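Okay, coords.csv is below, CSV, C-alpha atoms:
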```
chain,number,residue,atom,x,y,z
A,720,MET,CA,-36.3,51.3,2.6
A,721,LEU,CA,-38.2,48.6,4.4
A,722,PRO,CA,-38.1,46.2,1.5
A,723,ALA,CA,-34.3,46.6,1.3
A,724,CYS,CA,-34.0,45.9,5.0
A,725,VAL,CA,-36.1,42.7,4.7
A,726,GLY,CA,-34.2,41.7,1.6
A,727,LEU,CA,-30.9,42.0,3.5
A,728,LEU,CA,-32.1,39.8,6.4
A,729,PRO,CA,-31.3,36.3,4.9
A,730,PHE,CA,-28.1,37.7,3.4
A,731,GLY,CA,-27.0,39.0,6.8
A,732,ILE,CA,-28.0,35.7,8.5
A,733,VAL,CA,-25.8,33.8,6.0
A,734,CYS,CA,-22.9,36.2,6.7
A,735,GLY,CA,-23.3,35.5,10.5
A,736,VAL,CA,-23.4,31.8,9.8
A,737,GLY,CA,-20.2,32.2,7.7
A,738,ALA,CA,-18.4,34.1,10.4
A,739,ALA,CA,-19.3,31.4,13.0
A,740,ALA,CA,-18.1,28.7,10.5
A,741,ALA,CA,-14.8,30.6,10.1
A,742,GLY,CA,-14.3,30.3,13.9
A,743,ALA,CA,-15.1,33.9,14.8
A,744,SER,CA,-16.3,34.9,18.3
A,745,TRP,CA,-19.5,36.9,18.5
A,746,LEU,CA,-17.4,40.0,19.1
A,747,THR,CA,-15.3,39.5,16.0
A,748,SER,CA,-18.4,38.7,14.0
A,749,LEU,CA,-20.0,41.9,15.2
A,750,GLY,CA,-16.7,43.7,14.4
A,751,MET,CA,-16.9,42.3,10.8
A,752,SER,CA,-20.4,43.5,10.1
A,753,ALA,CA,-20.1,46.8,11.9
A,754,ILE,CA,-16.7,47.9,10.6
A,755,ILE,CA,-16.4,46.2,7.2
A,756,PHE,CA,-20.2,46.6,6.5
A,757,SER,CA,-20.1,44.9,3.2
A,758,GLY,CA,-21.7,41.4,2.8
A,759,ALA,CA,-19.5,40.5,-0.2
A,760,ALA,CA,-16.2,41.5,1.6
A,761,GLN,CA,-17.4,39.8,4.9
A,762,ILE,CA,-18.2,36.5,3.2
A,763,VAL,CA,-15.0,36.4,1.2
A,764,ALA,CA,-12.9,37.4,4.2
A,765,ALA,CA,-14.5,34.8,6.4
A,766,GLN,CA,-14.0,32.1,3.8
A,767,MET,CA,-10.4,33.1,3.3
A,768,VAL,CA,-9.6,33.2,7.0
A,769,ALA,CA,-11.2,29.8,7.4
A,770,ALA,CA,-9.0,28.5,4.5
A,771,ASP,CA,-6.0,30.1,6.3
A,772,ALA,CA,-5.1,32.3,3.4
A,773,PRO,CA,-2.2,34.8,4.1
A,774,PHE,CA,-3.2,38.2,5.4
A,775,LEU,CA,-2.0,40.1,2.3
A,776,VAL,CA,-3.9,37.9,-0.1
A,777,ILE,CA,-7.1,38.5,1.9
A,778,VAL,CA,-6.6,42.2,2.0
A,779,LEU,CA,-5.8,42.3,-1.8
A,780,THR,CA,-8.9,40.3,-2.8
A,781,THR,CA,-11.3,42.3,-0.7
A,782,THR,CA,-9.7,45.5,-2.0
A,783,VAL,CA,-10.4,44.5,-5.6
A,784,LEU,CA,-13.9,43.6,-4.5
A,785,GLY,CA,-14.2,47.0,-2.8
A,786,LEU,CA,-13.2,48.9,-6.0
A,787,ARG,CA,-16.9,49.3,-6.8
A,788,LEU,CA,-17.2,51.5,-3.7
A,789,LEU,CA,-14.8,53.9,-5.4
A,790,MET,CA,-17.3,54.2,-8.3
A,791,TYR,CA,-20.2,54.7,-5.9
A,792,SER,CA,-18.2,57.4,-4.1
A,793,ALA,CA,-17.6,59.3,-7.4
A,794,ALA,CA,-21.2,58.9,-8.5
A,795,ILE,CA,-22.7,60.2,-5.3
A,796,ALA,CA,-20.1,62.9,-4.5
A,797,PRO,CA,-21.7,65.7,-6.6
A,798,TYR,CA,-25.0,65.3,-4.7
A,799,LEU,CA,-23.3,65.6,-1.4
A,800,LYS,CA,-21.4,68.8,-2.1
A,801,PRO,CA,-24.1,71.1,-0.5
A,802,LEU,CA,-24.1,69.1,2.7
A,803,PRO,CA,-21.9,69.8,5.8
A,804,GLU,CA,-18.6,67.9,5.9
A,805,ARG,CA,-19.6,66.0,9.1
A,806,TRP,CA,-22.6,64.6,7.2
A,807,GLN,CA,-20.5,63.7,4.2
A,808,ARG,CA,-18.1,61.6,6.4
A,809,ALA,CA,-21.0,59.8,8.1
A,810,LEU,CA,-22.8,59.2,4.8
A,811,ALA,CA,-19.6,57.8,3.2
A,812,PHE,CA,-19.4,55.2,6.0
A,813,MET,CA,-22.9,53.9,5.0
A,814,LEU,CA,-22.3,53.7,1.3
A,815,SER,CA,-23.0,50.1,0.4
A,816,ASP,CA,-24.5,48.5,-2.7
A,817,GLN,CA,-28.1,48.8,-1.5
A,818,VAL,CA,-27.7,52.2,0.2
A,819,PHE,CA,-26.1,53.6,-3.0
A,820,ALA,CA,-28.9,52.2,-5.2
A,821,ALA,CA,-31.6,53.8,-2.9
A,822,ALA,CA,-29.8,57.1,-2.4
A,823,ILE,CA,-29.0,57.7,-6.1
A,824,ARG,CA,-32.7,57.2,-7.0
A,825,ARG,CA,-33.7,59.6,-4.3
A,826,PHE,CA,-31.2,62.3,-5.4
A,827,HIS,CA,-32.5,62.0,-8.9
A,828,ILE,CA,-36.1,62.7,-8.0
A,829,ASP,CA,-35.6,65.1,-5.0
A,830,ASP,CA,-34.2,68.6,-5.8
A,831,ASP,CA,-33.9,69.4,-2.1
A,832,ARG,CA,-30.4,68.1,-1.5
A,833,ILE,CA,-30.6,68.6,2.3
A,834,ALA,CA,-33.9,66.6,2.5
A,835,ALA,CA,-32.4,63.9,0.3
A,836,GLY,CA,-29.2,63.9,2.3
A,837,ARG,CA,-31.3,63.4,5.5
A,838,HIS,CA,-33.1,60.5,3.8
A,839,PHE,CA,-29.7,59.0,2.8
A,840,LEU,CA,-28.5,59.3,6.4
A,841,GLY,CA,-31.7,57.8,7.8
A,842,SER,CA,-32.0,54.9,5.3
A,843,GLY,CA,-28.2,54.2,5.6
A,844,PHE,CA,-28.4,54.0,9.3
A,845,ALA,CA,-31.5,51.8,9.2
A,846,LEU,CA,-29.8,49.4,6.8
A,847,TRP,CA,-26.6,49.4,8.9
A,848,LEU,CA,-28.7,48.5,12.0
A,849,ALA,CA,-30.7,45.9,10.2
A,850,TRP,CA,-27.4,44.5,8.9
A,851,GLN,CA,-25.9,44.2,12.5
A,852,VAL,CA,-29.1,42.5,13.8
A,853,SER,CA,-29.3,40.0,10.9
A,854,CYS,CA,-25.6,39.1,11.1
A,855,MET,CA,-25.9,38.5,14.9
A,856,LEU,CA,-29.1,36.5,14.3
A,857,GLY,CA,-27.2,34.3,11.9
A,858,PHE,CA,-24.2,34.0,14.2
A,859,PHE,CA,-26.3,32.8,17.2
A,860,ALA,CA,-29.4,31.2,15.6
A,861,GLY,CA,-28.0,30.1,12.2
A,862,ASN,CA,-27.7,26.5,13.2
A,863,LEU,CA,-31.5,26.4,14.1
A,864,ILE,CA,-32.4,27.0,10.5
A,865,PRO,CA,-33.1,23.6,8.7
A,866,ALA,CA,-30.5,22.8,6.0
A,867,ALA,CA,-33.4,21.9,3.7
A,868,TRP,CA,-34.4,25.6,3.4
A,869,SER,CA,-31.1,26.2,1.5
A,870,LEU,CA,-30.9,29.6,3.1
A,871,GLU,CA,-27.3,30.0,1.8
A,872,PHE,CA,-28.8,30.4,-1.7
A,873,ALA,CA,-30.0,33.8,-0.6
A,874,VAL,CA,-26.4,35.1,-0.9
A,875,PRO,CA,-26.0,34.5,-4.7
A,876,LEU,CA,-29.6,35.8,-5.1
A,877,CYS,CA,-28.7,39.1,-3.4
A,878,PHE,CA,-25.7,39.5,-5.7
A,879,ILE,CA,-27.8,38.5,-8.8
A,880,ALA,CA,-30.3,41.3,-7.8
A,881,LEU,CA,-27.4,43.8,-8.0
A,882,VAL,CA,-25.6,42.5,-11.0
A,883,ALA,CA,-28.3,41.3,-13.5
A,884,PRO,CA,-29.7,44.9,-14.1
A,885,LEU,CA,-26.2,45.8,-15.4
A,886,PHE,CA,-26.4,43.3,-18.2
A,887,ARG,CA,-27.7,45.8,-20.7
A,888,ASP,CA,-24.6,46.8,-22.8
A,889,THR,CA,-22.1,44.7,-24.6
A,890,PRO,CA,-19.0,45.6,-22.6
A,891,SER,CA,-20.8,44.7,-19.3
A,892,ILE,CA,-22.1,41.4,-20.6
A,893,LEU,CA,-18.6,40.6,-22.0
A,894,ALA,CA,-17.0,41.5,-18.6
A,895,ALA,CA,-19.4,39.3,-16.8
A,896,ILE,CA,-19.0,36.3,-19.2
A,897,THR,CA,-15.2,36.4,-19.1
A,898,ALA,CA,-15.1,36.8,-15.4
A,899,GLY,CA,-17.5,33.9,-15.0
A,900,ILE,CA,-15.5,31.6,-17.3
A,901,ALA,CA,-12.3,32.6,-15.6
A,902,VAL,CA,-13.5,32.1,-12.0
A,903,LEU,CA,-14.5,28.5,-12.9
A,904,ALA,CA,-11.5,27.8,-15.1
A,905,LEU,CA,-9.1,29.0,-12.4
A,906,ALA,CA,-10.9,27.3,-9.5
A,907,HIS,CA,-7.9,25.1,-8.8
A,908,LEU,CA,-5.8,28.2,-7.7
A,909,PRO,CA,-5.1,28.2,-4.0
A,910,MET,CA,-6.4,30.9,-1.5
A,911,ARG,CA,-9.3,31.8,-3.7
A,912,LEU,CA,-7.0,33.7,-6.0
A,913,ASN,CA,-9.4,32.7,-8.8
A,914,LEU,CA,-11.8,35.4,-7.6
A,915,ILE,CA,-9.3,38.4,-7.9
A,916,ALA,CA,-7.9,37.0,-11.1
A,917,ALA,CA,-11.3,36.6,-12.7
A,918,GLY,CA,-12.4,40.0,-11.5
A,919,LEU,CA,-9.4,41.7,-13.1
A,920,ILE,CA,-9.7,39.7,-16.3
A,921,GLY,CA,-13.4,40.7,-16.5
A,922,ILE,CA,-12.7,44.4,-15.8
A,923,LEU,CA,-9.9,44.4,-18.5
A,924,VAL,CA,-12.2,42.8,-21.1
A,925,GLY,CA,-15.1,45.2,-20.3
A,926,THR,CA,-12.8,48.2,-20.6
A,927,LEU,CA,-11.3,47.0,-23.9
A,928,ALA,CA,-14.8,46.3,-25.3
A,929,ASP,CA,-15.8,49.8,-24.2
A,930,LEU,CA,-12.8,51.4,-25.9
A,931,ALA,CA,-13.5,49.3,-29.1
A,932,ARG,CA,-17.1,50.2,-29.1
A,933,GLU,CA,-16.3,53.9,-28.9
A,934,ARG,CA,-13.7,53.6,-31.6
A,935,TRP,CA,-15.9,51.8,-34.1
A,936,THR,CA,-19.2,53.5,-33.4
A,937,PRO,CA,-19.9,55.6,-36.5
A,938,ARG,CA,-20.5,59.2,-35.5
B,1495,MET,CA,-0.4,34.4,13.5
B,1496,ASP,CA,-2.9,33.8,16.2
B,1497,ALA,CA,-6.3,33.2,14.5
B,1498,THR,CA,-8.3,35.8,16.5
B,1499,LEU,CA,-5.5,38.4,16.1
B,1500,LYS,CA,-5.5,37.8,12.3
B,1501,LEU,CA,-9.2,38.1,12.1
B,1502,TRP,CA,-9.1,41.5,13.9
B,1503,ALA,CA,-6.3,42.7,11.7
B,1504,VAL,CA,-8.4,41.7,8.6
B,1505,ILE,CA,-11.4,43.5,10.0
B,1506,LEU,CA,-9.5,46.7,10.8
B,1507,VAL,CA,-7.5,46.9,7.6
B,1508,VAL,CA,-10.3,45.8,5.3
B,1509,GLY,CA,-12.7,48.1,7.1
B,1510,ALA,CA,-10.3,51.1,6.9
B,1511,LEU,CA,-9.7,50.4,3.1
B,1512,ASN,CA,-13.4,50.1,2.5
B,1513,TYR,CA,-14.1,53.4,4.3
B,1514,LEU,CA,-11.3,55.2,2.4
B,1515,SER,CA,-12.7,53.9,-0.9
B,1516,ARG,CA,-16.2,55.1,0.1
B,1517,LEU,CA,-14.8,58.5,1.2
B,1518,SER,CA,-12.4,58.9,-1.8
B,1519,PHE,CA,-14.4,61.1,-4.2
B,1520,ILE,CA,-16.6,62.5,-1.5
B,1521,ALA,CA,-13.7,64.0,0.5
B,1522,PHE,CA,-10.1,63.6,-0.9
B,1523,PHE,CA,-10.7,64.1,-4.6
B,1524,ALA,CA,-13.9,66.2,-4.2
B,1525,ARG,CA,-12.4,69.0,-6.4
B,1526,ARG,CA,-11.1,66.6,-9.1
B,1527,THR,CA,-12.8,64.6,-11.7
B,1528,MET,CA,-11.9,61.0,-12.1
B,1529,PRO,CA,-9.3,60.2,-14.8
B,1530,PRO,CA,-11.4,59.0,-17.8
B,1531,MET,CA,-9.5,55.7,-18.1
B,1532,LEU,CA,-10.1,54.9,-14.4
B,1533,ALA,CA,-13.8,55.8,-14.7
B,1534,ARG,CA,-14.1,53.6,-17.7
B,1535,ALA,CA,-12.5,50.6,-15.9
B,1536,LEU,CA,-14.5,51.1,-12.7
B,1537,ARG,CA,-17.7,50.9,-14.6
B,1538,TYR,CA,-17.1,47.2,-15.2
B,1539,VAL,CA,-16.0,46.3,-11.6
B,1540,PRO,CA,-19.5,45.3,-10.4
B,1541,ALA,CA,-20.4,43.2,-13.5
B,1542,ALA,CA,-17.1,41.3,-13.4
B,1543,MET,CA,-16.5,41.0,-9.7
B,1544,LEU,CA,-20.1,40.1,-8.6
B,1545,THR,CA,-20.4,37.5,-11.4
B,1546,ALA,CA,-17.1,36.0,-10.3
B,1547,LEU,CA,-18.5,35.9,-6.8
B,1548,VAL,CA,-21.9,34.4,-7.7
B,1549,LEU,CA,-20.9,31.6,-10.1
B,1550,PRO,CA,-18.9,29.4,-7.7
B,1551,MET,CA,-21.9,29.6,-5.3
B,1552,VAL,CA,-24.1,28.0,-8.0
B,1553,ILE,CA,-21.7,25.6,-9.7
B,1554,ASP,CA,-19.3,23.5,-7.6
B,1555,VAL,CA,-15.9,23.0,-9.0
B,1556,THR,CA,-13.8,20.0,-7.8
B,1557,PRO,CA,-10.6,18.6,-9.3
B,1558,GLN,CA,-12.8,16.2,-11.2
B,1559,GLY,CA,-14.6,19.0,-13.1
B,1560,LEU,CA,-17.7,21.2,-12.9
B,1561,HIS,CA,-20.6,20.0,-10.8
B,1562,PRO,CA,-23.6,22.2,-11.5
B,1563,HIS,CA,-26.4,21.7,-9.0
B,1564,THR,CA,-29.2,21.7,-11.6
B,1565,PRO,CA,-32.0,23.2,-9.3
B,1566,LYS,CA,-29.6,25.9,-8.2
B,1567,VAL,CA,-28.6,26.7,-11.8
B,1568,ILE,CA,-32.2,26.9,-13.0
B,1569,ALA,CA,-33.3,29.0,-10.0
B,1570,ALA,CA,-30.3,31.4,-10.5
B,1571,VAL,CA,-31.2,31.8,-14.2
B,1572,ILE,CA,-34.9,32.6,-13.3
B,1573,ALA,CA,-33.7,35.0,-10.6
B,1574,THR,CA,-31.4,36.7,-13.2
B,1575,VAL,CA,-34.4,37.2,-15.5
B,1576,VAL,CA,-36.4,38.7,-12.6
B,1577,ALA,CA,-33.6,41.0,-11.6
B,1578,TRP,CA,-32.9,42.0,-15.2
B,1579,PHE,CA,-36.4,43.4,-15.5
B,1580,LYS,CA,-35.5,45.5,-12.4
B,1581,LEU,CA,-38.3,44.0,-10.2
B,1582,GLY,CA,-36.1,44.6,-7.1
B,1583,THR,CA,-34.3,42.6,-4.4
B,1584,LEU,CA,-37.3,41.2,-2.7
B,1585,TRP,CA,-38.8,39.8,-5.9
B,1586,THR,CA,-35.5,38.3,-7.0
B,1587,LEU,CA,-35.0,36.7,-3.6
B,1588,GLY,CA,-38.6,35.4,-3.3
B,1589,VAL,CA,-38.8,34.0,-6.9
B,1590,GLY,CA,-35.3,32.6,-6.7
B,1591,MET,CA,-35.9,30.8,-3.4
B,1592,ALA,CA,-39.4,29.6,-4.4
B,1593,ALA,CA,-37.9,28.2,-7.6
B,1594,LEU,CA,-35.2,26.4,-5.8
B,1595,TRP,CA,-37.6,24.8,-3.3
B,1596,LEU,CA,-40.0,23.8,-6.0
B,1597,LEU,CA,-37.2,22.3,-8.2
B,1598,ASN,CA,-35.6,20.5,-5.2
B,1599,TRP,CA,-39.0,19.0,-4.4
B,1600,THR,CA,-39.9,17.9,-7.9
B,1601,LEU,CA,-36.5,17.0,-9.5
```

Would you mind writing the file out in structure tokens?
Amino acid sequence: MLPACVGLLPFGIVCGVGAAAAGASWLTSLGMSAIIFSGAAQIVAAQMVAADAPFLVIVLTTTVLGLRLLMYSAAIAPYLKPLPERWQRALAFMLSDQVFAAAIRRFHIDDDRIAAGRHFLGSGFALWLAWQVSCMLGFFAGNLIPAAWSLEFAVPLCFIALVAPLFRDTPSILAAITAGIAVLALAHLPMRLNLIAAGLIGILVGTLADLARERWTPR
Amino acid sequence: MDATLKLWAVILVVGALNYLSRLSFIAFFARRTMPPMLARALRYVPAAMLTALVLPMVIDVTPQGLHPHTPKVIAAVIATVVAWFKLGTLWTLGVGMAALWLLNWTL
């Protein structure tokens, strides 16, 4: 779990810097990291608030971004069935990209669901705490970091670490390529609408490619 | 709308929607399986959405056209290879940042 916490540090710092740049107070910045608890959603929300995008557009874009949480929820749900409901609700709150990746690995190797659940709760809370600390660190001390370090590059790198391992089947690769072309081609759209449009186009292409693959695979 | 008020509204609504998504299949639909079409579409959300999020951070787009920042593009490609081989977040971050610093310094 420690490597994941350390890996999140620069990402959280950049999120804190982003919140400060969007004109948030320390309290709203803490509210963002504690309540939203999703680096991607925080960065996008901060950028869109700074760009004065309408409330509904911000909510819509972050919701499409958050659709992957739906998938994580479905994938982890069977493992949580033997746990008390109170635990399930607490664990759900901590379900983020990194926590999901760590938890699903643990549930695969550990047959003792209660022990694995405890591990999930512990690692989830550790990551949540590390996230708050790093976001606050970025908010207060972000301007002390020399620009020459290009710390902001840690953000795309964190997402690359999540997304590149998915590039193993044709539909995923096609989804990524079309979403990538679309986000650049539609960059002139206002209010960062290119992000949600590109995401939806990529999802559609991936789904169609998946259907086509199933149809034409000889069995 | 007042800027602080708007930010808090965004935090609470986005936070609530995020939590409901996280809770969805753990609590509300615990006894149901996901509709197959939805499951199929959701499988491609991370690949599409995260790629759409990353690219504009590496390639600047202005009304005049694309402005790829060469060291960033090369460092991102190297990081993608590292991550593809599932070496983990720390290696991806370390190699990616080191590549960027090295390229910025030499190019």

**Asked** Any idea which chain B residues end up within 6 Å of chain A if we count all atoms listed in the file, as a list of chain:residue names please?
**Response**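 Result: B:Ile1505, B:Gly1509, B:Tyr1513, B:Ser1515, B:Arg1516, B:Leu1517, B:Phe1519, B:Ile1520, B:Ala1535, B:Tyr1538, B:Val1539, B:Pro1540, B:Ala1541, B:Ala1542, B:Met1543, B:Thr1545, B:Ala1546, B:Val1548, B:Thr1574, B:Ala1577, B:Trp1578, B:Thr1583, B:Leu1584, B:Leu1587.
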
Dump of C-alpha atoms for the selected residues, as a PDB file, in the frame of the given file:
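selection_19.pdb was written with the following content:
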```
ATOM      1  CA  ILE B1505     -11.400  43.500  10.000  1.00  0.00           C
ATOM      2  CA  GLY B1509     -12.700  48.100   7.100  1.00  0.00           C
ATOM      3  CA  TYR B1513     -14.100  53.400   4.300  1.00  0.00           C
ATOM      4  CA  SER B1515     -12.700  53.900  -0.900  1.00  0.00           C
ATOM      5  CA  ARG B1516     -16.200  55.100   0.100  1.00  0.00           C
ATOM      6  CA  LEU B1517     -14.800  58.500   1.200  1.00  0.00           C
ATOM      7  CA  PHE B1519     -14.400  61.100  -4.200  1.00  0.00           C
ATOM      8  CA  ILE B1520     -16.600  62.500  -1.500  1.00  0.00           C
ATOM      9  CA  ALA B1535     -12.500  50.600 -15.900  1.00  0.00           C
ATOM     10  CA  TYR B1538     -17.100  47.200 -15.200  1.00  0.00           C
ATOM     11  CA  VAL B1539     -16.000  46.300 -11.600  1.00  0.00           C
ATOM     12  CA  PRO B1540     -19.500  45.300 -10.400  1.00  0.00           C
ATOM     13  CA  ALA B1541     -20.400  43.200 -13.500  1.00  0.00           C
ATOM     14  CA  ALA B1542     -17.100  41.300 -13.400  1.00  0.00           C
ATOM     15  CA  MET B1543     -16.500  41.000  -9.700  1.00  0.00           C
ATOM     16  CA  THR B1545     -20.400  37.500 -11.400  1.00  0.00           C
ATOM     17  CA  ALA B1546     -17.100  36.000 -10.300  1.00  0.00           C
ATOM     18  CA  VAL B1548     -21.900  34.400  -7.700  1.00  0.00           C
ATOM     19  CA  THR B1574     -31.400  36.700 -13.200  1.00  0.00           C
ATOM     20  CA  ALA B1577     -33.600  41.000 -11.600  1.00  0.00           C
ATOM     21  CA  TRP B1578     -32.900  42.000 -15.200  1.00  0.00           C
ATOM     22  CA  THR B1583     -34.300  42.600  -4.400  1.00  0.00           C
ATOM     23  CA  LEU B1584     -37.300  41.200  -2.700  1.00  0.00           C
ATOM     24  CA  LEU B1587     -35.000  36.700  -3.600  1.00  0.00           C
TER      25      LEU B1587
END
```

**Atomic separation - atom CA of A:Phe859 relative to atom CA of B:His1563, Å** =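 Going from atom CA of B:His1563 over to atom CA of A:Phe859, I get 28.5 Å.
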
**Prompt:** Of the residues A:Pro801, A:Gly735, A:Pro865, A:Gly843, which is the one nearest to A:Phe819, using all atoms listed in the file?
**Reply:** A:Gly843

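For the atom pair formed by atom CA of A:Pro803 and atom CA of A:Val818, the distance is 19.4 Å, given to one decimal.
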
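Using only C-alpha atoms, the set of residues no farther than 8 Å from the position (-33.2, 29.6, -8.7) comprises Pro1565, Lys1566, Val1567, Ile1568, Ala1569, Ala1570, Val1571, Ile1572, Ala1573, Val1589, Gly1590, Met1591, Ala1592, Ala1593 and Leu1594 of chain B.
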
Give me, as a PDB file with C-alpha atoms, in the frame of the given file, all polymer residues having an atom no more than 6 Å from stretch 844-856 of chain A, counting only C-alpha atoms and skipping those fewer than 2 positions away in the same chain.
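Final file, selection_27.pdb:
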```pdb
ATOM      1  CA  CYS A 724     -34.000  45.900   5.000  1.00  0.00           C
ATOM      2  CA  LEU A 728     -32.100  39.800   6.400  1.00  0.00           C
ATOM      3  CA  GLY A 731     -27.000  39.000   6.800  1.00  0.00           C
ATOM      4  CA  ILE A 732     -28.000  35.700   8.500  1.00  0.00           C
ATOM      5  CA  CYS A 734     -22.900  36.200   6.700  1.00  0.00           C
ATOM      6  CA  GLY A 735     -23.300  35.500  10.500  1.00  0.00           C
ATOM      7  CA  GLY A 841     -31.700  57.800   7.800  1.00  0.00           C
ATOM      8  CA  SER A 842     -32.000  54.900   5.300  1.00  0.00           C
ATOM      9  CA  PHE A 858     -24.200  34.000  14.200  1.00  0.00           C
ATOM     10  CA  PHE A 859     -26.300  32.800  17.200  1.00  0.00           C
ATOM     11  CA  ALA A 860     -29.400  31.200  15.600  1.00  0.00           C
TER      12      ALA A 860
END
```
